[in-house]
Structure formats: C-alpha cells, structure tokens
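Participant: The structure's right below; bear with me while I get my questions together.
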Amino acid sequence: RFHEKTSVLGLNASKNWVLLANYVDRSLLQNYVALEMGKVMDNIPYHSSQYPVDVFVNGSYRGVYTFGEQLEAKEERINLEDFSAEPDTDYLLELGGKDDGDVLGVDYFHAGTLKFAAIKHPDSSLLTESQRDFLISYVQQADKAVQNLDNYEEFIDVDSLIDWFIIHELSYNLDCCFRRSCFLIKEKGGKLKMGPIWDFDLAFGSYFRYEEGDWASEGYSGGYVGITWINFLLKDSAFTSRLRARWNEIKERLLDQALNAVDHMSALIAPSAEFNFKVWPTLGQSIPSQPDSHKKYNTYSLQVSRLRNFILSRYEWMDDTISTMN
C-alpha cells in the first residue's frame with residue numbers, strides 16, 4: 001500500500017497492490033500466464049495484470065513473487081458506479097468471499113447453487129434493505145432460470161459465462177469453479193457477468209484434486225466443487241452450440257497467447273528462478289496441495305515444460321470434447 005496513487009510497471013496508478021508468494025507454484029508463472037490468457041477473452045469485464053518480480057527486504061533477497069493489480073471497485077481498477085440509493089445499481093460479488101464476522105443476509109447470501117455470495121461493492125454496510133432485496137432476488141432468479149434451463153439469458157450475460165468457462169477449463173482452475181475467488185458483476189440495468197478472473201496458483205494440474213478428462217466446473221453434490229450452473233448448462237444444446245462456436249472462434253489465439261506467455265516470461269525469469277530456489281529449496285520436494293508425482297519435476301526447466309505440456313494436453317482434450325457436444 002502506497003501513501004498516494006502510484007503507477008508500477010506502467011499499470012494504472014493506485015494505492016493498493018498485491019504481492020503474492022505463490023509458494024506452491026514452482027513454475028513461478030501460473031497467475032501471470034492465466035491473466036494474460038484472460039486478456040484474449042473480451043467478453044469478460046475487466047482484466048488485471050500480474051508479473052513475476054524479484055523481492056528484496058532490507059537488502060536481502062527473498063525470492064520471486066508475483067506483483068499486480070488488486071481486484072477492487074476503483075476508477076483505475078474495476079470501474080463501477082459509486083454508491084447509489086437506487087436498488088438497481090452496480091454490484092460486485094465474490095462467491096466464497098465471506099469474511100469472518102460477515103452476517104448472512106447482510107454481507108453475503110446464498111442463491112440456490114451459488115453459495116456465500118459476498119457483496120464486495122458497494123460496501124455492504126451502506127446498502128439499503130431494498131437494495132439487498134433487489135440483488136438477492138435477481139441472483140436467485142438467475143440461478144433458478146439456469147436450473148430450469150428456462151430463459152436464463154434474461155438474467156445472465158451468456159457470452160461472459162462462456163469466456164469464463166473456457167479460461168477456467170483450459171487452466172483447470174478447480175479452486176475458482178463457483179467455490180471461491182469467483183467474481184460476478186451486475187451493472188446498473190445490465191445482466192450478471194462472470195468475471196473478472198483471479199487466483200490460478202493451484203490451476204494447470206498443480207492441485208492434487210486434478211482429474212484428467214473431466215470438466216473442473218461441473219461438480220457433484222458433496223464434492224469439492226458442488227453442483228454448479230455448468231451441471232445444467234452442459235445439458236442445454238443452445239448453450240453447448242454457443243460454446244462450440246466461441247471455442248472455435250478463439251481457441252487458436254488463446255493457445256498462442258498461453259504458450260507465448262509461458263515461453264516469454266520463463267526465459268526472462270530463469271536467472272531469478274535459480275536464486276529463488278536457493279532461498280526456497282522446494283524443487284523435488286513434496287508440497288502441500290500438490291500431487292506427489294510433481295516431485296519428479298526437480299528443475300526449473302522441467303517445471304516450465306510441465307506447465308507448457310499441460311496446456312497443450314488440456315487444449316487437445318477440450319477441442320475433441322467440445323467438437324462432439326450435442
């Protein structure tokens with residue numbers, strides 16, 4: 001946090017920034033790569049940037065961290081309308097975003113399959129009863145429409161949902177699949193939009209719950225990812241037809257963006273990675289949350305190759321699977 005708005009790395013000036021350890025991501029790349037991929041998906045509202053940086057504390061080298069823009073409703077970030085007394089105003093929600101001390105029905109709510117929908121903007125303490133009622137009712141109607149596959153496009157920007165789905169499935173970002181770090185924007189007079197995207201340190205097959213050959217965002221009752229909108233939408237031919245069209249439109253550009261991001265940034269930070277793993281000797285070690293099989297990637301170049309190969313393999317599976325959807 002700076003005392004005044006400051007531009008860093010050419011990004012919009014702001015007081016608040018994030019500095020992420022990304023301890024479990026031994027490629028040191030995943031958040032950077034995912035957010036660069038997201039910039040291809042122009043139906044998602046707002047895209048943030050994060051970059052690997054060397055961190056020194058009082059002259060002592062502390063490793064490679066990821067520095068970037070915070071997700072917050074600010075003019076220089078997510079540009080939403082300031083507080084308005086009207087029920088239909090600009091809202092930012094985070095599924096799984098409940099904080100300690102938050103009150104159900106005041107700071108967060110449940111809406112069918114959507115759990116712990118925290119109100120991040122406007123400040124929930126400022127909302128009137130009519131605003132809470134409007135927002136909760138709107139999201140509940142959207143969820144019900146999806147479950148019934150009945151006119152859900154009246155409430156949801158389907159193009160943003162499809163772009164969100166493609167990004168999270170290509171990266172297999174299990175953590176964000178309607179569980180947490182899952183953001184939605186409801187602009188005044190508009191529909192619910194999925195995004196912005198966030199939090200990919202356990203994506204790209206680096207989480208022990210990764211299952212090859214399935215959809216990350218299609219869960220089951222009692223599962224790590226429960227029943228989500230995707231469980232219903234993949235049964236709707238109108239949705240899968242639009243998904244297939246968008247995938248075919250964007251897939252080659254998206255793959256190029258992903259692989260170019262891996263190749264470009266891994267080359268830049270390879271010298272820093274050598275010093276990082278002297279400070280944090282995690283290569284070849286068992287890391288909580290990661291599969292033990294990842295211990296075999298015991299050099300930085302092997303970690304980068306694993307990430308690159310995952311993207312290629314996942315891309316091929318999605319291309320085959322989407323092409324045969326009804």
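In the structure tokens, the first chain shown is A, the next is B, and so on; residue numbers restart at 1 for each chain, and ligands run from 1 in the order shown.
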Please provide the set of residues having any atom within 7 Å of Val262 in chain A, restricted to only C-alpha atoms, with same-chain residues fewer than 3 positions apart removed, written as a JSON list (two decimals) with C-alpha atoms, in the first residue's frame.

Facilitator:
[["chain", "number", "residue", "atom", "x", "y", "z"],
["A", 33, "VAL", "CA", 0.01, -16.84, -17.72],
["A", 258, "ALA", "CA", -0.88, -19.05, -23.37],
["A", 259, "LEU", "CA", 2.23, -20.62, -24.90],
["A", 265, "MET", "CA", 8.26, -14.97, -19.15],
["A", 266, "SER", "CA", 10.06, -18.22, -18.28],
["A", 308, "ARG", "CA", 3.52, -25.99, -21.21]]

Participant: Find the residues near Tyr61 in chain A: any atom within 12 Å, counting only C-alpha atoms, skip ones fewer than 2 places away on the same chain, and give them as a PyMOL selection string.

Facilitator: chain A and resi 53-59+63-65+272-273+275-280

Participant: Have a look at A:Gly101, A:Gly190, A:Gly68, A:Gly38 and name the one nearest to Ala13 in chain A; count only C-alpha atoms.

Facilitator: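 Smallest separation from Ala13 in chain A among the options: A:Gly68.
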
Participant: Once DSSP has gone over the backbone, tell me which residues of range 133-212 of chain A are in strand (DSSP E or B), as a PDB file with N, CA and C atoms, in the first residue's frame.

Facilitator:
ATOM      1  N   ILE A 156     -28.469 -13.493 -17.255  1.00  0.00           N
ATOM      2  CA  ILE A 156     -27.026 -13.751 -17.300  1.00  0.00           C
ATOM      3  C   ILE A 156     -26.472 -13.386 -18.667  1.00  0.00           C
ATOM      4  N   CYS A 182     -14.357 -16.350  -7.135  1.00  0.00           N
ATOM      5  CA  CYS A 182     -15.214 -16.392  -8.323  1.00  0.00           C
ATOM      6  C   CYS A 182     -16.075 -15.130  -8.308  1.00  0.00           C
ATOM      7  N   PHE A 183     -15.804 -14.207  -9.218  1.00  0.00           N
ATOM      8  CA  PHE A 183     -16.417 -12.889  -9.186  1.00  0.00           C
ATOM      9  C   PHE A 183     -17.512 -12.762 -10.245  1.00  0.00           C
ATOM     10  N   LEU A 184     -18.530 -11.982  -9.898  1.00  0.00           N
ATOM     11  CA  LEU A 184     -19.596 -11.628 -10.825  1.00  0.00           C
ATOM     12  C   LEU A 184     -19.866 -10.134 -10.695  1.00  0.00           C
ATOM     13  N   ILE A 185     -20.189  -9.519 -11.817  1.00  0.00           N
ATOM     14  CA  ILE A 185     -20.534  -8.099 -11.851  1.00  0.00           C
ATOM     15  C   ILE A 185     -21.964  -7.949 -12.348  1.00  0.00           C
ATOM     16  N   LYS A 186     -22.731  -7.154 -11.638  1.00  0.00           N
ATOM     17  CA  LYS A 186     -24.083  -6.774 -12.078  1.00  0.00           C
ATOM     18  C   LYS A 186     -24.096  -5.260 -12.208  1.00  0.00           C
ATOM     19  N   LEU A 192     -26.056 -10.235 -15.078  1.00  0.00           N
ATOM     20  CA  LEU A 192     -24.906 -10.771 -14.357  1.00  0.00           C
ATOM     21  C   LEU A 192     -23.827 -11.172 -15.354  1.00  0.00           C
ATOM     22  N   LYS A 193     -22.608 -10.688 -15.127  1.00  0.00           N
ATOM     23  CA  LYS A 193     -21.466 -11.067 -15.947  1.00  0.00           C
ATOM     24  C   LYS A 193     -20.460 -11.827 -15.091  1.00  0.00           C
ATOM     25  N   MET A 194     -19.905 -12.888 -15.651  1.00  0.00           N
ATOM     26  CA  MET A 194     -18.875 -13.644 -14.947  1.00  0.00           C
ATOM     27  C   MET A 194     -17.538 -12.944 -15.109  1.00  0.00           C
TER      28      MET A 194
END

Participant: For Leu35 in chain A, work out the shell of residues within 12 Å, counting only C-alpha atoms and skipping chain neighbours fewer than 4 positions away, then give it as a ChimeraX atom specification.

Facilitator: /A:29-31,39-41,44,46-51,66,68-69,164,167-168,171,195-201,254,257-258,261-262

Participant: Ranking A:Arg26, A:Glu169, A:Gln141, A:Thr113 by minimum distance to Tyr220 in chain A and counting only C-alpha atoms, which one comes first?

Facilitator: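 Smallest separation from Tyr220 in chain A among the options: A:Thr113.
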
Participant: Residues at most 7 Å from range 239-252 of chain A, counting only C-alpha atoms, excluding those fewer than 6 positions away in the same chain, as a PyMOL selection string?

Facilitator: chain A and resi 162+233+322-323+325-326

Participant: Please, what distance in Å, to one decimal, runs between CA of Leu95 in chain A and CA of Lys115 in chain A?

Facilitator: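 Pair CA of Leu95 in chain A / CA of Lys115 in chain A returns 6.3 Å.
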
Participant: Using Å and a single decimal, report how far CA of Trp215 in chain A sits from CA of Asp256 in chain A.

Facilitator: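 Here the two named atoms are 21.9 Å from each other.
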